[in-house]
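Next up, my_file-v1.cif (mmCIF, C-alpha atoms):
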```cif
data_final
#
loop_
_atom_site.group_PDB
_atom_site.id
_atom_site.type_symbol
_atom_site.label_atom_id
_atom_site.label_comp_id
_atom_site.auth_asym_id
_atom_site.auth_seq_id
_atom_site.Cartn_x
_atom_site.Cartn_y
_atom_site.Cartn_z
ATOM 1 C CA MET H 1 177.862 85.470 45.536
ATOM 2 C CA LYS H 2 175.888 85.108 42.336
ATOM 3 C CA ILE H 3 177.371 82.335 40.175
ATOM 4 C CA SER H 4 175.539 81.747 36.921
ATOM 5 C CA GLU H 5 171.890 81.738 38.040
ATOM 6 C CA PHE H 6 172.772 80.384 41.502
ATOM 7 C CA ASP H 7 173.246 82.328 44.737
ATOM 8 C CA ILE H 8 176.092 80.594 46.612
ATOM 9 C CA GLN H 9 176.370 81.876 50.182
ATOM 10 C CA GLY H 10 180.003 82.001 51.308
ATOM 11 C CA ALA H 11 181.606 81.562 47.874
ATOM 12 C CA ILE H 12 184.715 83.660 47.263
ATOM 13 C CA ASP H 13 185.097 82.936 43.542
ATOM 14 C CA GLN H 14 183.100 81.829 40.507
ATOM 15 C CA ALA H 15 184.155 78.187 40.999
ATOM 16 C CA THR H 16 182.309 78.015 44.378
ATOM 17 C CA ARG H 17 185.435 77.939 46.550
ATOM 18 C CA CYS H 18 185.165 79.423 50.042
ATOM 19 C CA GLN H 19 187.397 80.686 52.838
ATOM 20 C CA HIS H 20 187.415 77.200 54.397
ATOM 21 C CA TYR H 21 188.096 75.095 51.288
ATOM 22 C CA HIS H 22 189.850 76.752 48.368
ATOM 23 C CA THR H 23 192.155 74.316 46.573
ATOM 24 C CA GLY H 24 191.934 73.764 42.850
ATOM 25 C CA LYS H 25 189.601 70.818 43.446
ATOM 26 C CA ASP H 26 187.218 72.524 45.881
ATOM 27 C CA ILE H 27 184.705 73.301 43.154
ATOM 28 C CA ILE H 28 181.326 72.097 44.334
ATOM 29 C CA ALA H 29 178.478 73.712 46.213
ATOM 30 C CA ILE H 30 175.821 71.764 48.073
ATOM 31 C CA ARG H 31 172.143 72.643 48.238
ATOM 32 C CA PHE H 32 171.303 72.065 51.869
ATOM 33 C CA TYR H 33 168.146 70.100 52.524
ATOM 34 C CA CYS H 34 167.090 72.206 55.513
ATOM 35 C CA CYS H 35 167.029 75.591 53.763
ATOM 36 C CA ASN H 36 167.121 74.707 50.038
ATOM 37 C CA ARG H 37 170.078 77.076 49.481
ATOM 38 C CA TYR H 38 173.540 76.434 48.071
ATOM 39 C CA PHE H 39 176.713 76.703 50.171
ATOM 40 C CA PRO H 40 180.308 75.668 49.390
ATOM 41 C CA CYS H 41 180.643 73.715 52.662
ATOM 42 C CA HIS H 42 179.119 72.886 56.030
ATOM 43 C CA LEU H 43 181.067 75.705 57.716
ATOM 44 C CA CYS H 44 179.631 78.278 55.302
ATOM 45 C CA HIS H 45 176.176 76.873 56.021
ATOM 46 C CA GLU H 46 176.817 77.306 59.752
ATOM 47 C CA ALA H 47 177.934 80.906 59.212
ATOM 48 C CA TYR H 48 175.361 82.060 56.631
ATOM 49 C CA GLY H 49 172.608 79.442 56.635
ATOM 50 C CA CYS H 50 169.426 78.636 58.461
ATOM 51 C CA GLY H 51 171.014 77.269 61.640
ATOM 52 C CA LYS H 52 169.648 73.779 61.120
ATOM 53 C CA GLY H 53 171.681 70.776 60.066
ATOM 54 C CA GLU H 54 169.170 68.521 58.362
ATOM 55 C CA VAL H 55 170.705 65.995 55.969
ATOM 56 C CA TRP H 56 169.303 64.807 52.663
ATOM 57 C CA PRO H 57 167.143 61.703 53.202
ATOM 58 C CA ARG H 58 168.208 58.696 51.150
ATOM 59 C CA GLU H 59 164.905 58.611 49.253
ATOM 60 C CA LYS H 60 165.734 62.055 47.792
ATOM 61 C CA PHE H 61 169.213 61.181 46.475
ATOM 62 C CA ASN H 62 167.913 61.512 42.896
ATOM 63 C CA GLU H 63 167.271 65.223 43.388
ATOM 64 C CA LYS H 64 169.723 67.781 42.070
ATOM 65 C CA ALA H 65 171.646 69.152 45.035
ATOM 66 C CA ILE H 66 175.298 69.455 43.962
ATOM 67 C CA LEU H 67 176.624 72.227 41.725
ATOM 68 C CA CYS H 68 179.851 71.753 39.779
ATOM 69 C CA GLY H 69 181.721 75.037 40.128
ATOM 70 C CA ASN H 70 183.558 74.438 36.862
ATOM 71 C CA CYS H 71 180.707 73.900 34.382
ATOM 72 C CA LYS H 72 177.762 74.978 36.602
ATOM 73 C CA THR H 73 175.930 71.689 36.050
ATOM 74 C CA GLU H 74 173.610 70.553 38.820
ATOM 75 C CA LEU H 75 174.122 66.918 39.782
ATOM 76 C CA THR H 76 171.884 64.615 41.719
ATOM 77 C CA ILE H 77 173.284 63.351 44.990
ATOM 78 C CA ASN H 78 173.590 59.862 43.486
ATOM 79 C CA GLN H 79 175.505 61.229 40.492
ATOM 80 C CA TYR H 80 177.881 63.062 42.799
ATOM 81 C CA ILE H 81 178.428 60.188 45.238
ATOM 82 C CA ASN H 82 179.094 57.792 42.345
ATOM 83 C CA SER H 83 181.204 60.222 40.302
ATOM 84 C CA ASP H 84 184.634 58.988 41.433
ATOM 85 C CA ASN H 85 185.346 62.645 42.299
ATOM 86 C CA THR H 86 184.945 63.777 38.689
ATOM 87 C CA CYS H 87 182.162 65.837 37.178
ATOM 88 C CA PRO H 88 180.259 63.593 34.755
ATOM 89 C CA ASN H 89 179.595 66.608 32.525
ATOM 90 C CA CYS H 90 182.972 68.389 32.222
ATOM 91 C CA GLN H 91 185.372 65.875 33.832
ATOM 92 C CA ALA H 92 186.690 68.449 36.339
ATOM 93 C CA SER H 93 188.229 66.829 39.413
ATOM 94 C CA PHE H 94 186.515 67.220 42.780
ATOM 95 C CA ASN H 95 188.270 67.097 46.149
ATOM 96 C CA SER H 96 188.140 63.474 47.339
ATOM 97 C CA GLY H 97 188.374 64.717 50.929
ATOM 98 C CA CYS H 98 184.804 65.969 50.687
ATOM 99 C CA SER H 99 183.656 62.394 51.245
ATOM 100 C CA LEU H 100 184.797 62.735 54.869
ATOM 101 C CA HIS H 101 181.896 65.150 55.339
ATOM 102 C CA TYR H 102 179.137 63.167 53.584
ATOM 103 C CA HIS H 103 177.563 62.388 56.964
ATOM 104 C CA LEU H 104 176.972 66.140 57.411
ATOM 105 C CA TYR H 105 174.992 66.311 54.167
ATOM 106 C CA PHE H 106 173.564 62.884 53.354
ATOM 107 C CA GLU H 107 171.596 60.365 55.419
ATOM 108 C CA HIS H 108 173.326 57.099 56.382
ATOM 109 C CA PHE H 109 176.852 58.147 55.531
ATOM 110 C CA HIS H 110 179.645 57.743 58.036
ATOM 111 C CA PRO H 111 183.295 58.638 57.353
ATOM 112 C CA SER H 112 184.713 55.535 59.059
ATOM 113 C CA CYS H 113 182.929 53.111 56.728
ATOM 114 C CA PRO H 114 184.844 52.224 53.551
ATOM 115 C CA PHE H 115 181.827 52.845 51.327
ATOM 116 C CA GLY H 116 180.326 55.547 53.521
ATOM 117 C CA ASP H 117 177.139 53.611 54.207
ATOM 118 C CA ASP H 118 176.458 52.783 57.816
ATOM 119 C CA GLY H 119 172.806 51.942 57.448
#
```

When written as structure tokens, how does the structure in this file appear?
Amino acid sequence: MKISEFDIQGAIDQATRCQHYHTGKDIIAIRFYCCNRYFPCHLCHEAYGCGKGEVWPREKFNEKAILCGNCKTELTINQYINSDNTCPNCQASFNSGCSLHYHLYFEHFHPSCPFGDDG
């Protein structure tokens, strides 16, 4: 689906929600490191993506890789991780449960660690 100037594979609405995650707070898309394309979630990437599961290396956390589905602002990974689940541009709330999947997207993150950093 074309959203603003971004092609979001698997999105079902203009706020980047998908069939897997579609609450009012499920409003981000992630640019996957392995294929450089945006998807609403890891399951959409599995269904429509490149078939690889490469995570963003820590040294690239200052690159823009998160899209706010509310205001269409691209955030760096560091901005997103440190956002307290709120877009720094428009203050829209993000789903805090997304942090359980950081290890699928970002290097050295593990859901059982209180701060997500296992390395």

*asked:* Please list as number ranges by chain every residue within 12 Å of Thr86 in chain H, counting all atoms listed in the file and excluding residues in the same chain fewer than 2 positions away.
replied: H: 25-28, 68-71, 75, 79-84, 88-96

Just so the selection is clear, what residues does the PyMOL selection byres ((chain H and resi 7) around 12) cover here, as a PDB file with C-alpha atoms, in the coordinates of the input?
```pdb
ATOM      1  CA  MET H   1     177.862  85.470  45.536  1.00  0.00           C
ATOM      2  CA  LYS H   2     175.888  85.108  42.336  1.00  0.00           C
ATOM      3  CA  ILE H   3     177.371  82.335  40.175  1.00  0.00           C
ATOM      4  CA  SER H   4     175.539  81.747  36.921  1.00  0.00           C
ATOM      5  CA  GLU H   5     171.890  81.738  38.040  1.00  0.00           C
ATOM      6  CA  PHE H   6     172.772  80.384  41.502  1.00  0.00           C
ATOM      7  CA  ILE H   8     176.092  80.594  46.612  1.00  0.00           C
ATOM      8  CA  GLN H   9     176.370  81.876  50.182  1.00  0.00           C
ATOM      9  CA  GLY H  10     180.003  82.001  51.308  1.00  0.00           C
ATOM     10  CA  ALA H  11     181.606  81.562  47.874  1.00  0.00           C
ATOM     11  CA  ILE H  12     184.715  83.660  47.263  1.00  0.00           C
ATOM     12  CA  ASP H  13     185.097  82.936  43.542  1.00  0.00           C
ATOM     13  CA  GLN H  14     183.100  81.829  40.507  1.00  0.00           C
ATOM     14  CA  THR H  16     182.309  78.015  44.378  1.00  0.00           C
ATOM     15  CA  ALA H  29     178.478  73.712  46.213  1.00  0.00           C
ATOM     16  CA  ILE H  30     175.821  71.764  48.073  1.00  0.00           C
ATOM     17  CA  ARG H  31     172.143  72.643  48.238  1.00  0.00           C
ATOM     18  CA  ASN H  36     167.121  74.707  50.038  1.00  0.00           C
ATOM     19  CA  ARG H  37     170.078  77.076  49.481  1.00  0.00           C
ATOM     20  CA  TYR H  38     173.540  76.434  48.071  1.00  0.00           C
ATOM     21  CA  PHE H  39     176.713  76.703  50.171  1.00  0.00           C
ATOM     22  CA  PRO H  40     180.308  75.668  49.390  1.00  0.00           C
ATOM     23  CA  LEU H  67     176.624  72.227  41.725  1.00  0.00           C
ATOM     24  CA  LYS H  72     177.762  74.978  36.602  1.00  0.00           C
TER      25      LYS H  72
END
```

*Could you list the residues chosen by the PyMOL selection byres ((chain H and resi 50) around 12) in this structure as JSON, numbers by chain?*
{"H": [9, 32, 33, 34, 35, 36, 37, 38, 39, 42, 44, 45, 46, 47, 48, 49, 51, 52, 53, 54]}

Show which residues sit within 8 Å of Trp56 in chain H, as a PDB file with C-alpha atoms, in the frame of the given file. Count all atoms listed in the file, and ignore same-chain residues fewer than 3 positions away.
```pdb
ATOM      1  CA  PHE H  32     171.303  72.065  51.869  1.00  0.00           C
ATOM      2  CA  TYR H  33     168.146  70.100  52.524  1.00  0.00           C
ATOM      3  CA  LYS H  60     165.734  62.055  47.792  1.00  0.00           C
ATOM      4  CA  PHE H  61     169.213  61.181  46.475  1.00  0.00           C
ATOM      5  CA  TYR H 105     174.992  66.311  54.167  1.00  0.00           C
ATOM      6  CA  PHE H 106     173.564  62.884  53.354  1.00  0.00           C
ATOM      7  CA  GLU H 107     171.596  60.365  55.419  1.00  0.00           C
TER       8      GLU H 107
END
```

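Nearest to Asn85 in chain H of all the residues H:Pro57, H:Lys64, H:Ser99, H:Cys41 is H:Ser99, based on only C-alpha atoms.
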
_Gap from CA of Arg58 in chain H to CA of His20 in chain H - Å, one decimal_ =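 Taking CA of Arg58 in chain H and CA of His20 in chain H, their separation equals 26.9 Å.
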
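Nearest to Gly97 in chain H of all the residues H:Ala15, H:Thr23, H:Val55, H:Asn78 is H:Thr23, counting all atoms listed in the file.
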